[in-house]
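What follows is a set of notes on a single structure, which appears directly below.
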Amino acid sequence: MLRKKLIAANWKMNNAPTGFDAKDSSYRTKSDVDVVIFPTFLDIEKCTKAELIVGAQYGRPEEKGAFTGDESMKQIKTSGCTYVLCGHSERRIHHSESDAFVAEQVIAAIDCGLIPILCIGETADEREMGQAKEVVKRQLETVLLATSHQLQARNLVIAYEPVWAIGTGKTATPTDAEEMHAYIRSLLSEELQNDMRIIYGGSMKPENAKDLLSQKNIDGGLVGAASLDPVAFGKIVNSAL
Ligand code: PGA
C-alpha cells in the first residue's frame, strides 16, 4: 500500500510569509505530496482565496455559543478549511487542553467533515523517565476509543511531535522517530494500520527532512519554524517526493 506523503506548514502566531500566494509558491499542494498550511485565523480567508489547502490550528467542539475568542469546528469547515490541528503541545501547555477535550475536538471535526491532525508526543522529562511510549499510548488511545465508530484511515492523521524537539532545534534521530512511529502504528486497529498517515514534527528542516521522510513509518512532516521560510519549506516538500 502507498500512503501519500503530507507536509504541513504550521505558521503558529506568525503572519503569512511574503509570496505565500504566488503561482509557484512552495505552499501549493502537489500531485505527489499533500501540502497543507495552518495560518492564524486572521489569514485563513486570504489563504483559501489563494487556493491553498488550509487548516485551522485549533477548533472548539461545540457548534456555537458563549466561548469568547474561540471558533467552532463547524465554523472552521464553513470558512473553507480542510484540516484542523487537535491537541498541539502548545495548546496542551498554554491552554491546559486535556486528552478528553482533545478527543471531543477530534469527534466534532470528523463529524463536520474536517480532517483532524491529532498531535501527540512526550516531554523531555517523560522521555528521560522512560515513559515516552506510555504517554503517547495514553494520548492516542483516548482519541481512538472515543472515535472508534467513525474512524477511517482517511479521516484522521496522527502527528508524533516529541515536545522536547518542538522549536528547540533538537530533532529526534530518524531511528528514534521511526521506532515511535512503528509503535504508534502497532496501536492502530487492523483496518487502519496500513493506511493511516503518521507524520513527524519537531525541528524538521531541509537538512534532516530526507532522512526522516525516508523511514518506513514516517508519512510526512508538521513543520513549524522552517515553514515560515518559503525556500526552506520548498526543500522539505521536495524531500518528500
Ligand atoms: P518546529 O514546530 O518545526 O518549529 O519545531 C513544529 C510544530 O510545532 O508543529
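Please note that chains go A, B, ... in the order of the C-alpha cells, that every chain numbers its residues from 1, and that ligands are numbered from 1 in the order shown.
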Please identify the residues whose atoms come within 9 Å of ligand 1, using only C-alpha atoms and all ligand atoms, and report them as an MDAnalysis selection string. chainID A and resid 8:12 88:90 119 159 161 163:171 200:205 221:227
Can you list, as a list in words, every protein, DNA or RNA residue that comes within 7 Å of segment 42-53 of chain A when you count only C-alpha atoms, leaving out same-chain residues fewer than 6 positions away?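 Using only C-alpha atoms, the neighbours found are Ala16, Asp21, Arg28, Thr29, Val35, Val36, Gly80 and Thr82 of chain A.
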File dump, residues just selected, N, CA, C and O atoms, as a PDB file, in the first residue's frame:
```
ATOM      1  N   ALA A  16       1.321  35.321   7.387  1.00  0.00           N
ATOM      2  CA  ALA A  16       1.613  34.525   6.191  1.00  0.00           C
ATOM      3  C   ALA A  16       2.892  35.051   5.544  1.00  0.00           C
ATOM      4  O   ALA A  16       3.017  36.260   5.340  1.00  0.00           O
ATOM      5  N   ASP A  21       1.124  33.344  -1.733  1.00  0.00           N
ATOM      6  CA  ASP A  21       0.043  33.141  -2.692  1.00  0.00           C
ATOM      7  C   ASP A  21       0.519  33.127  -4.148  1.00  0.00           C
ATOM      8  O   ASP A  21      -0.300  33.091  -5.062  1.00  0.00           O
ATOM      9  N   ARG A  28       1.856  25.464  -2.259  1.00  0.00           N
ATOM     10  CA  ARG A  28       0.786  24.842  -3.052  1.00  0.00           C
ATOM     11  C   ARG A  28       0.918  23.318  -3.017  1.00  0.00           C
ATOM     12  O   ARG A  28       2.018  22.776  -3.056  1.00  0.00           O
ATOM     13  N   THR A  29      -0.235  22.650  -2.979  1.00  0.00           N
ATOM     14  CA  THR A  29      -0.200  21.199  -2.920  1.00  0.00           C
ATOM     15  C   THR A  29       0.291  20.624  -4.250  1.00  0.00           C
ATOM     16  O   THR A  29       0.209  21.273  -5.289  1.00  0.00           O
ATOM     17  N   VAL A  35       0.211  19.146   0.455  1.00  0.00           N
ATOM     18  CA  VAL A  35       0.797  20.272   1.192  1.00  0.00           C
ATOM     19  C   VAL A  35      -0.364  21.050   1.818  1.00  0.00           C
ATOM     20  O   VAL A  35      -1.302  21.442   1.127  1.00  0.00           O
ATOM     21  N   VAL A  36      -0.293  21.235   3.117  1.00  0.00           N
ATOM     22  CA  VAL A  36      -1.374  21.907   3.851  1.00  0.00           C
ATOM     23  C   VAL A  36      -0.768  23.009   4.697  1.00  0.00           C
ATOM     24  O   VAL A  36       0.298  22.816   5.292  1.00  0.00           O
ATOM     25  N   GLY A  80     -13.853  27.227   4.757  1.00  0.00           N
ATOM     26  CA  GLY A  80     -13.104  26.678   3.631  1.00  0.00           C
ATOM     27  C   GLY A  80     -11.909  25.826   4.027  1.00  0.00           C
ATOM     28  O   GLY A  80     -11.115  25.415   3.181  1.00  0.00           O
ATOM     29  N   THR A  82      -9.877  22.484   5.289  1.00  0.00           N
ATOM     30  CA  THR A  82      -9.972  21.044   5.070  1.00  0.00           C
ATOM     31  C   THR A  82      -9.480  20.282   6.297  1.00  0.00           C
ATOM     32  O   THR A  82      -9.950  19.188   6.594  1.00  0.00           O
TER      33      THR A  82
END
```
Write out as a list in words the residues lying within 9 Å of Val136 of chain A, counting only C-alpha atoms and excluding same-chain residues fewer than 6 positions away.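 Within the cut-off, the hits are Ile120, Gly121, Glu122, Tyr160, Met180 and Ile184 of chain A.
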Nearest candidate to Glu191 of chain A (options A:Gln152, A:Gln139, A:Ser214, A:Thr68; using only C-alpha atoms):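 Using only C-alpha atoms, Glu191 of chain A sits closest to A:Gln152.
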Non-local contacts of Gly113 of chain A (9 Å; only C-alpha atoms; under 4 positions in same chain excluded) as a PDB file with all heavy atoms, in the first residue's frame:
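Result file selection05.pdb:
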```pdb
ATOM      1  N   LYS A  74     -17.368  23.595  13.133  1.00  0.00           N
ATOM      2  CA  LYS A  74     -18.305  23.859  12.048  1.00  0.00           C
ATOM      3  C   LYS A  74     -17.966  25.180  11.331  1.00  0.00           C
ATOM      4  O   LYS A  74     -17.988  25.261  10.098  1.00  0.00           O
ATOM      5  CB  LYS A  74     -19.720  23.915  12.627  1.00  0.00           C
ATOM      6  CG  LYS A  74     -20.749  23.726  11.571  1.00  0.00           C
ATOM      7  CD  LYS A  74     -22.048  23.242  12.101  1.00  0.00           C
ATOM      8  CE  LYS A  74     -23.027  23.133  10.936  1.00  0.00           C
ATOM      9  NZ  LYS A  74     -24.357  23.525  11.343  1.00  0.00           N
ATOM     10  N   LYS A  77     -14.938  24.665   9.177  1.00  0.00           N
ATOM     11  CA  LYS A  77     -15.283  23.965   7.930  1.00  0.00           C
ATOM     12  C   LYS A  77     -15.927  24.947   6.950  1.00  0.00           C
ATOM     13  O   LYS A  77     -15.562  24.996   5.764  1.00  0.00           O
ATOM     14  CB  LYS A  77     -16.240  22.804   8.268  1.00  0.00           C
ATOM     15  CG  LYS A  77     -16.776  22.060   7.070  1.00  0.00           C
ATOM     16  CD  LYS A  77     -15.703  21.237   6.395  1.00  0.00           C
ATOM     17  CE  LYS A  77     -16.273  20.511   5.180  1.00  0.00           C
ATOM     18  NZ  LYS A  77     -15.234  19.900   4.364  1.00  0.00           N
ATOM     19  N   THR A  82      -9.877  22.484   5.289  1.00  0.00           N
ATOM     20  CA  THR A  82      -9.972  21.044   5.070  1.00  0.00           C
ATOM     21  C   THR A  82      -9.480  20.282   6.297  1.00  0.00           C
ATOM     22  O   THR A  82      -9.950  19.188   6.594  1.00  0.00           O
ATOM     23  CB  THR A  82      -9.081  20.648   3.854  1.00  0.00           C
ATOM     24  OG1 THR A  82      -9.398  21.517   2.769  1.00  0.00           O
ATOM     25  CG2 THR A  82      -9.306  19.205   3.426  1.00  0.00           C
ATOM     26  N   TYR A  83      -8.511  20.864   6.997  1.00  0.00           N
ATOM     27  CA  TYR A  83      -7.852  20.189   8.126  1.00  0.00           C
ATOM     28  C   TYR A  83      -7.996  21.025   9.397  1.00  0.00           C
ATOM     29  O   TYR A  83      -8.321  22.210   9.348  1.00  0.00           O
ATOM     30  CB  TYR A  83      -6.352  20.016   7.848  1.00  0.00           C
ATOM     31  CG  TYR A  83      -6.014  18.983   6.802  1.00  0.00           C
ATOM     32  CD1 TYR A  83      -6.085  19.274   5.438  1.00  0.00           C
ATOM     33  CD2 TYR A  83      -5.595  17.697   7.166  1.00  0.00           C
ATOM     34  CE1 TYR A  83      -5.763  18.320   4.466  1.00  0.00           C
ATOM     35  CE2 TYR A  83      -5.266  16.743   6.210  1.00  0.00           C
ATOM     36  CZ  TYR A  83      -5.357  17.063   4.872  1.00  0.00           C
ATOM     37  OH  TYR A  83      -5.033  16.119   3.929  1.00  0.00           O
ATOM     38  N   ALA A 108     -15.784  16.156  16.943  1.00  0.00           N
ATOM     39  CA  ALA A 108     -16.518  17.252  16.294  1.00  0.00           C
ATOM     40  C   ALA A 108     -15.953  17.547  14.907  1.00  0.00           C
ATOM     41  O   ALA A 108     -16.699  17.815  13.963  1.00  0.00           O
ATOM     42  CB  ALA A 108     -16.454  18.502  17.168  1.00  0.00           C
ATOM     43  N   ALA A 109     -14.645  17.474  14.781  1.00  0.00           N
ATOM     44  CA  ALA A 109     -14.015  17.758  13.487  1.00  0.00           C
ATOM     45  C   ALA A 109     -14.445  16.721  12.452  1.00  0.00           C
ATOM     46  O   ALA A 109     -14.879  17.068  11.345  1.00  0.00           O
ATOM     47  CB  ALA A 109     -12.494  17.761  13.650  1.00  0.00           C
ATOM     48  N   ASN A 155      -9.798   9.781   7.435  1.00  0.00           N
ATOM     49  CA  ASN A 155     -10.334  10.954   8.132  1.00  0.00           C
ATOM     50  C   ASN A 155      -9.589  11.348   9.410  1.00  0.00           C
ATOM     51  O   ASN A 155     -10.056  12.181  10.159  1.00  0.00           O
ATOM     52  CB  ASN A 155     -11.853  10.886   8.342  1.00  0.00           C
ATOM     53  CG  ASN A 155     -12.292   9.758   9.273  1.00  0.00           C
ATOM     54  OD1 ASN A 155     -11.461   9.113   9.898  1.00  0.00           O
ATOM     55  ND2 ASN A 155     -13.585   9.536   9.359  1.00  0.00           N
TER      56      ASN A 155
END
```
